[in-house]
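**Student:** Contents are PDB, C-alpha atoms; file name model_27.pdb:
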```
ATOM      1  CA  MET A   1       0.000   0.000   0.000
ATOM      2  CA  LYS A   2       2.869   2.287   0.741
ATOM      3  CA  LYS A   3       4.165   1.800  -2.795
ATOM      4  CA  LEU A   4       0.753   2.689  -4.198
ATOM      5  CA  ASN A   5       0.529   5.846  -2.060
ATOM      6  CA  VAL A   6       4.024   6.887  -3.049
ATOM      7  CA  SER A   7       3.305   6.149  -6.696
ATOM      8  CA  LEU A   8       0.035   8.086  -6.594
ATOM      9  CA  ALA A   9       1.744  10.974  -4.816
ATOM     10  CA  VAL A  10       4.485  11.075  -7.466
ATOM     11  CA  CYS A  11       1.875  11.009 -10.242
ATOM     12  CA  PHE A  12      -0.158  13.808  -8.690
ATOM     13  CA  PHE A  13       2.996  15.883  -8.137
ATOM     14  CA  THR A  14       4.077  15.327 -11.746
ATOM     15  CA  PHE A  15       0.664  16.338 -13.110
ATOM     16  CA  ALA A  16       0.511  19.382 -10.834
ATOM     17  CA  PHE A  17       4.015  20.493 -11.822
ATOM     18  CA  ALA A  18       3.311  19.915 -15.510
ATOM     19  CA  GLY A  19       0.070  21.883 -15.200
ATOM     20  CA  THR A  20       1.950  24.763 -13.623
ATOM     21  CA  LEU A  21       4.435  24.843 -16.467
ATOM     22  CA  GLN A  22       1.667  24.929 -19.040
ATOM     23  CA  ALA A  23      -0.196  27.650 -17.110
ATOM     24  CA  GLN A  24       2.626  30.169 -17.798
ATOM     25  CA  ASP A  25       1.346  30.847 -21.327
ATOM     26  CA  THR A  26      -2.045  32.552 -21.624
ATOM     27  CA  ASN A  27      -4.083  34.160 -24.361
ATOM     28  CA  THR A  28      -2.400  37.558 -23.622
ATOM     29  CA  ASP A  29       1.121  38.721 -22.895
ATOM     30  CA  ASN A  30       2.869  42.076 -22.599
ATOM     31  CA  HIS A  31       6.236  43.817 -22.506
ATOM     32  CA  THR A  32       7.419  47.401 -22.003
ATOM     33  CA  ILE A  33       8.802  49.977 -24.408
ATOM     34  CA  THR A  34      10.956  52.721 -22.940
ATOM     35  CA  ILE A  35      10.449  55.991 -24.810
ATOM     36  CA  SER A  36      12.700  59.029 -24.575
ATOM     37  CA  ILE A  37      11.658  62.432 -25.942
ATOM     38  CA  PRO A  38      14.309  65.161 -25.712
ATOM     39  CA  GLU A  39      13.497  68.707 -24.656
ATOM     40  CA  VAL A  40      14.182  70.958 -27.667
ATOM     41  CA  ALA A  41      14.593  74.734 -27.933
ATOM     42  CA  LEU A  42      16.232  75.848 -31.207
ATOM     43  CA  VAL A  43      15.898  79.103 -33.139
ATOM     44  CA  ASP A  44      17.517  80.524 -36.263
ATOM     45  CA  ILE A  45      17.158  83.185 -38.920
ATOM     46  CA  GLU A  46      16.833  82.124 -42.557
ATOM     47  CA  PRO A  47      18.113  82.263 -45.221
ATOM     48  CA  ALA A  48      21.362  81.693 -43.331
ATOM     49  CA  ALA A  49      23.587  82.697 -46.259
ATOM     50  CA  THR A  50      22.037  86.165 -46.618
ATOM     51  CA  LYS A  51      20.711  87.057 -43.175
ATOM     52  CA  ASN A  52      22.691  90.295 -42.834
ATOM     53  CA  ILE A  53      20.673  93.208 -44.185
ATOM     54  CA  THR A  54      21.395  96.866 -44.924
ATOM     55  CA  LEU A  55      19.023  99.711 -44.175
ATOM     56  CA  GLY A  56      19.646 103.431 -44.267
ATOM     57  CA  PHE A  57      18.385 106.932 -44.866
ATOM     58  CA  THR A  58      18.274 109.233 -47.869
ATOM     59  CA  ALA A  59      19.124 112.912 -47.502
ATOM     60  CA  PRO A  60      16.347 115.359 -48.407
ATOM     61  CA  THR A  61      16.665 117.368 -51.616
ATOM     62  CA  GLU A  62      14.636 120.262 -50.251
ATOM     63  CA  ALA A  63      15.641 122.345 -47.270
ATOM     64  CA  GLY A  64      13.312 121.906 -44.326
ATOM     65  CA  ASN A  65      12.558 118.205 -44.950
ATOM     66  CA  PRO A  66      13.817 115.319 -42.753
ATOM     67  CA  VAL A  67      15.942 112.385 -43.867
ATOM     68  CA  THR A  68      13.876 109.541 -45.344
ATOM     69  CA  ALA A  69      14.248 105.937 -44.260
ATOM     70  CA  SER A  70      14.926 103.314 -46.915
ATOM     71  CA  ALA A  71      12.194 100.814 -47.763
ATOM     72  CA  SER A  72      11.519  98.121 -45.199
ATOM     73  CA  ASN A  73      13.152  94.702 -45.554
ATOM     74  CA  ASN A  74      11.112  91.483 -45.300
ATOM     75  CA  THR A  75      13.587  88.917 -46.628
ATOM     76  CA  LEU A  76      14.244  87.137 -43.310
ATOM     77  CA  TRP A  77      12.353  84.284 -41.632
ATOM     78  CA  LEU A  78      12.367  83.180 -37.997
ATOM     79  CA  ASN A  79      12.454  79.363 -37.671
ATOM     80  CA  TYR A  80      12.215  77.386 -34.435
ATOM     81  CA  SER A  81      11.829  73.861 -33.083
ATOM     82  CA  SER A  82      10.397  73.261 -29.623
ATOM     83  CA  ILE A  83       9.528  70.283 -27.470
ATOM     84  CA  LYS A  84       8.183  71.750 -24.239
ATOM     85  CA  SER A  85       8.971  70.438 -20.787
ATOM     86  CA  VAL A  86       6.376  69.294 -18.278
ATOM     87  CA  ALA A  87       7.287  72.180 -15.953
ATOM     88  CA  ASP A  88       7.075  74.901 -18.638
ATOM     89  CA  PRO A  89       4.160  74.352 -21.024
ATOM     90  CA  THR A  90       5.053  77.201 -23.408
ATOM     91  CA  ARG A  91       8.025  79.154 -24.676
ATOM     92  CA  ASN A  92       8.669  82.628 -26.038
ATOM     93  CA  VAL A  93      11.095  84.084 -28.545
ATOM     94  CA  SER A  94      12.594  87.392 -27.454
ATOM     95  CA  VAL A  95      14.575  89.910 -29.469
ATOM     96  CA  LYS A  96      17.080  92.628 -28.601
ATOM     97  CA  VAL A  97      19.747  94.728 -30.276
ATOM     98  CA  ASN A  98      23.310  95.021 -28.952
ATOM     99  CA  ALA A  99      23.750  98.723 -29.658
ATOM    100  CA  LEU A 100      21.327 101.576 -29.961
ATOM    101  CA  ILE A 101      22.128 103.938 -32.809
ATOM    102  CA  PRO A 102      21.660 107.557 -31.757
ATOM    103  CA  GLY A 103      18.513 109.053 -33.238
ATOM    104  CA  ILE A 104      17.255 105.866 -34.924
ATOM    105  CA  ASP A 105      14.364 103.567 -34.078
ATOM    106  CA  ILE A 106      14.710 100.063 -35.542
ATOM    107  CA  HIS A 107      11.303  98.413 -35.877
ATOM    108  CA  VAL A 108      10.743  94.690 -36.355
ATOM    109  CA  THR A 109       7.437  92.940 -36.994
ATOM    110  CA  ALA A 110       6.888  89.184 -37.100
ATOM    111  CA  ALA A 111       4.052  87.843 -39.246
ATOM    112  CA  ALA A 112       1.898  84.843 -38.333
ATOM    113  CA  ALA A 113       3.610  81.514 -38.973
ATOM    114  CA  THR A 114       3.284  80.001 -42.448
ATOM    115  CA  GLY A 115       4.882  77.112 -44.301
ATOM    116  CA  SER A 116       5.386  73.451 -43.559
ATOM    117  CA  GLY A 117       5.446  73.530 -39.745
ATOM    118  CA  GLY A 118       3.153  71.937 -37.204
ATOM    119  CA  GLY A 119       2.280  71.761 -33.529
ATOM    120  CA  THR A 120       1.450  74.698 -31.273
ATOM    121  CA  LEU A 121       3.138  77.541 -33.141
ATOM    122  CA  GLY A 122       3.541  80.863 -31.349
ATOM    123  CA  THR A 123       1.646  84.115 -31.684
ATOM    124  CA  PRO A 124       3.554  87.196 -32.897
ATOM    125  CA  ALA A 125       3.495  90.487 -31.007
ATOM    126  CA  ALA A 126       2.722  93.793 -32.664
ATOM    127  CA  GLN A 127       5.567  95.859 -34.113
ATOM    128  CA  ILE A 128       8.490  96.179 -31.695
ATOM    129  CA  THR A 129      10.968  99.026 -31.457
ATOM    130  CA  LEU A 130      14.249  97.255 -30.727
ATOM    131  CA  SER A 131      16.125  98.063 -27.538
ATOM    132  CA  ALA A 132      18.967  96.586 -25.509
ATOM    133  CA  ALA A 133      16.414  94.774 -23.319
ATOM    134  CA  ASP A 134      14.808  91.499 -24.394
ATOM    135  CA  GLN A 135      11.258  91.929 -25.705
ATOM    136  CA  THR A 136       8.878  89.092 -26.517
ATOM    137  CA  ILE A 137       8.218  88.918 -30.249
ATOM    138  CA  ILE A 138       6.624  85.409 -30.352
ATOM    139  CA  SER A 139       4.695  83.978 -27.387
ATOM    140  CA  GLY A 140       2.802  80.793 -26.580
ATOM    141  CA  ILE A 141       5.054  78.306 -28.389
ATOM    142  CA  GLY A 142       4.306  74.730 -27.378
ATOM    143  CA  SER A 143       5.717  71.589 -28.921
ATOM    144  CA  ALA A 144       6.093  72.772 -32.499
ATOM    145  CA  PHE A 145       8.311  73.213 -35.535
ATOM    146  CA  THR A 146       8.054  75.948 -38.161
ATOM    147  CA  GLY A 147       9.676  74.175 -41.068
ATOM    148  CA  ASN A 148      13.196  75.072 -42.119
ATOM    149  CA  GLY A 149      14.355  77.845 -44.408
ATOM    150  CA  ALA A 150      12.810  80.824 -46.132
ATOM    151  CA  ASN A 151       9.015  80.811 -46.518
ATOM    152  CA  ASN A 152       8.671  78.792 -43.293
ATOM    153  CA  GLY A 153       8.022  80.217 -39.852
ATOM    154  CA  HIS A 154       7.491  83.894 -39.121
ATOM    155  CA  ASN A 155       8.408  86.429 -41.828
ATOM    156  CA  LEU A 156      10.317  89.340 -40.263
ATOM    157  CA  THR A 157       9.954  92.899 -41.488
ATOM    158  CA  TYR A 158      12.591  95.453 -40.482
ATOM    159  CA  ALA A 159      12.103  99.184 -40.887
ATOM    160  CA  LEU A 160      14.017 102.259 -39.764
ATOM    161  CA  ALA A 161      12.596 105.501 -38.503
ATOM    162  CA  ALA A 162      14.340 108.680 -37.522
ATOM    163  CA  GLY A 163      13.793 109.152 -33.799
ATOM    164  CA  SER A 164      10.310 110.287 -32.978
ATOM    165  CA  GLY A 165      10.685 110.922 -29.271
ATOM    166  CA  PRO A 166       7.721 109.799 -27.173
ATOM    167  CA  GLY A 167       6.871 106.149 -27.856
ATOM    168  CA  GLY A 168      10.141 105.554 -29.665
ATOM    169  CA  VAL A 169      13.596 104.782 -28.384
ATOM    170  CA  ALA A 170      15.349 107.587 -30.228
ATOM    171  CA  VAL A 171      15.009 111.324 -30.740
ATOM    172  CA  TYR A 172      15.707 113.045 -34.094
ATOM    173  CA  ALA A 173      18.014 115.542 -32.397
ATOM    174  CA  ASP A 174      20.392 112.654 -31.586
ATOM    175  CA  LEU A 175      21.015 111.694 -35.248
ATOM    176  CA  GLN A 176      24.692 111.767 -36.287
ATOM    177  CA  ALA A 177      26.109 111.312 -39.774
ATOM    178  CA  THR A 178      27.977 108.022 -40.084
ATOM    179  CA  ALA A 179      29.103 105.980 -43.095
ATOM    180  CA  THR A 180      28.369 102.597 -41.527
ATOM    181  CA  THR A 181      27.112 101.476 -38.150
ATOM    182  CA  VAL A 182      26.491  97.800 -37.425
ATOM    183  CA  ALA A 183      23.948  96.574 -34.905
ATOM    184  CA  THR A 184      23.495  92.912 -34.005
ATOM    185  CA  VAL A 185      19.946  91.679 -33.445
ATOM    186  CA  THR A 186      19.664  88.592 -31.226
ATOM    187  CA  TYR A 187      16.704  86.210 -31.017
ATOM    188  CA  THR A 188      16.421  83.845 -28.030
ATOM    189  CA  ILE A 189      13.921  81.035 -27.420
ATOM    190  CA  SER A 190      13.282  80.356 -23.752
ATOM    191  CA  ASP A 191      10.762  78.956 -21.299
ATOM    192  CA  ASN A 192       8.195  81.358 -19.898
TER     193      ASN A 192
END
```
Can you turn what I pasted into structure tokens?

**Tutor:**
Amino acid sequence: MKKLNVSLAVCFFTFAFAGTLQAQDTNTDNHTITISIPEVALVDIEPAATKNITLGFTAPTEAGNPVTASASNNTLWLNYSSIKSVADPTRNVSVKVNALIPGIDIHVTAAAATGSGGGTLGTPAAQITLSAADQTIISGIGSAFTGNGANNGHNLTYALAAGSGPGGVAVYADLQATATTVATVTYTISDN
């Protein structure tokens, strides 16, 4: 009888163990995928090869008239790529100039984004008179890209004005004759 009990016990143990092994596979299974998305904040001015522009003034031909600013320039485009962080849901692009030119207001206007971009593109501000302090020109940028190159992103229009005093940075009385003065305009994308 002891042999029968031992034999039955071994059989039951074998069936139970075999059943456990077969029970590991089911009609569903799963695994994990680890995903990494980098935070991105890139900005540039296009076309890169010709992004330096020249503006100026024309002398009057009649006594009593002021100097006349050259035509505005709208050949440049602001491009950016942004993947926002969890902590900062939007970004801005700010603009400033490194040197104020006595008697001259430099105006810049960004148009609404166009081209092949996507995502939450930013909203342009109204015309800005450039100063040495950062000013927001594009706000509310989320995870977005404008597309690269000319005709993508925000078209920039630059215009000069002889100082107008109140509301402007410069005053006409501060104008000084100069052959060439160079000012560097800097755009920065940053979290709010």

**Student:** So which residues are close to (18.9, 104.4, -50.2), meaning at most 6 Å away in the file's coordinates with only C-alpha atoms counted, and can you show them as a VMD selection string?

**Tutor:** chain A and resid 57 to 58 70

**Student:** Find, counting only C-alpha atoms, the residue in A:Ala111, A:Ile83, A:Val67, A:Ile189 that gets nearest to Phe145 of chain A.

**Tutor:** A:Ile83

**Student:** List the residues selected by the PyMOL selection byres ((chain A and resi 92-102) around 7) in the file shown, writing them as a PDB file with C-alpha atoms, in the frame of the given file.

**Tutor:**
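So the final result, stored in selection_19.pdb, reads:
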```pdb
ATOM      1  CA  ARG A  91       8.025  79.154 -24.676  1.00  0.00           C
ATOM      2  CA  GLY A 103      18.513 109.053 -33.238  1.00  0.00           C
ATOM      3  CA  ILE A 104      17.255 105.866 -34.924  1.00  0.00           C
ATOM      4  CA  LEU A 130      14.249  97.255 -30.727  1.00  0.00           C
ATOM      5  CA  SER A 131      16.125  98.063 -27.538  1.00  0.00           C
ATOM      6  CA  ALA A 132      18.967  96.586 -25.509  1.00  0.00           C
ATOM      7  CA  ALA A 133      16.414  94.774 -23.319  1.00  0.00           C
ATOM      8  CA  ASP A 134      14.808  91.499 -24.394  1.00  0.00           C
ATOM      9  CA  GLN A 135      11.258  91.929 -25.705  1.00  0.00           C
ATOM     10  CA  THR A 136       8.878  89.092 -26.517  1.00  0.00           C
ATOM     11  CA  ILE A 137       8.218  88.918 -30.249  1.00  0.00           C
ATOM     12  CA  ILE A 138       6.624  85.409 -30.352  1.00  0.00           C
ATOM     13  CA  SER A 139       4.695  83.978 -27.387  1.00  0.00           C
ATOM     14  CA  GLY A 140       2.802  80.793 -26.580  1.00  0.00           C
ATOM     15  CA  ILE A 141       5.054  78.306 -28.389  1.00  0.00           C
ATOM     16  CA  ALA A 170      15.349 107.587 -30.228  1.00  0.00           C
ATOM     17  CA  ASP A 174      20.392 112.654 -31.586  1.00  0.00           C
ATOM     18  CA  LEU A 175      21.015 111.694 -35.248  1.00  0.00           C
ATOM     19  CA  GLN A 176      24.692 111.767 -36.287  1.00  0.00           C
ATOM     20  CA  ALA A 183      23.948  96.574 -34.905  1.00  0.00           C
ATOM     21  CA  THR A 184      23.495  92.912 -34.005  1.00  0.00           C
ATOM     22  CA  VAL A 185      19.946  91.679 -33.445  1.00  0.00           C
ATOM     23  CA  THR A 186      19.664  88.592 -31.226  1.00  0.00           C
ATOM     24  CA  TYR A 187      16.704  86.210 -31.017  1.00  0.00           C
ATOM     25  CA  THR A 188      16.421  83.845 -28.030  1.00  0.00           C
ATOM     26  CA  ILE A 189      13.921  81.035 -27.420  1.00  0.00           C
ATOM     27  CA  SER A 190      13.282  80.356 -23.752  1.00  0.00           C
ATOM     28  CA  ASP A 191      10.762  78.956 -21.299  1.00  0.00           C
ATOM     29  CA  ASN A 192       8.195  81.358 -19.898  1.00  0.00           C
TER      30      ASN A 192
END
```

**Student:** Around all the atoms of segment 123-131 of chain A listed in the file, draw an axis-aligned box and extend it by 4 Å on each of the six sides; I want its centre and edge lengths in Å to one decimal, as lines of an AutoDock Vina configuration file.

**Tutor:**
```
center_x = 8.9
center_y = 91.6
center_z = -30.8
size_x = 22.5
size_y = 22.9
size_z = 14.6
```

**Student:** What does the distance between atom CA of Thr68 of chain A and atom CA of Val171 of chain A come to in Å, to one decimal place?

**Tutor:**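 Straight-line distance from atom CA of Thr68 of chain A to atom CA of Val171 of chain A works out to 14.8 Å.
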
**Student:** Just want the 10 Å neighbourhood of segment 78-80 of chain A, counted on all atoms listed in the file, with same-chain residues fewer than 3 positions away dropped. Output as an MDAnalysis selection string.

**Tutor:** chainID A and resid 40:47 93 110:111 113 117 121:122 138 141 144:156 187 189

**Student:** Identify, on the basis of only C-alpha atoms, every residue whose closest approach to Ile106 of chain A does not exceed 9 Å; exclude the query and any residue fewer than 6 positions from it along the same chain; express the result as a list in words.

**Tutor:**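 Returned residues: Leu100, Ile128, Thr129, Leu130, Ser131, Tyr158, Ala159, Leu160, Ala161, Ala162 and Val169 of chain A.
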
**Student:** Please indicate the distance in Å from atom CA of Ala87 of chain A to atom CA of Pro38 of chain A, rounded to one decimal place.

**Tutor:** 13.9 Å

**Student:** Interatomic distance between atom CA of Ser143 of chain A and atom CA of Thr34 of chain A?

**Tutor:** 20.5 Å

**Student:** Nearest to Ala177 of chain A among A:Gln127, A:Ala59, A:Thr157, A:Lys51, with distances taken over only C-alpha atoms: which residue is it?

**Tutor:**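 Of all the options, A:Ala59 lies closest to Ala177 of chain A.
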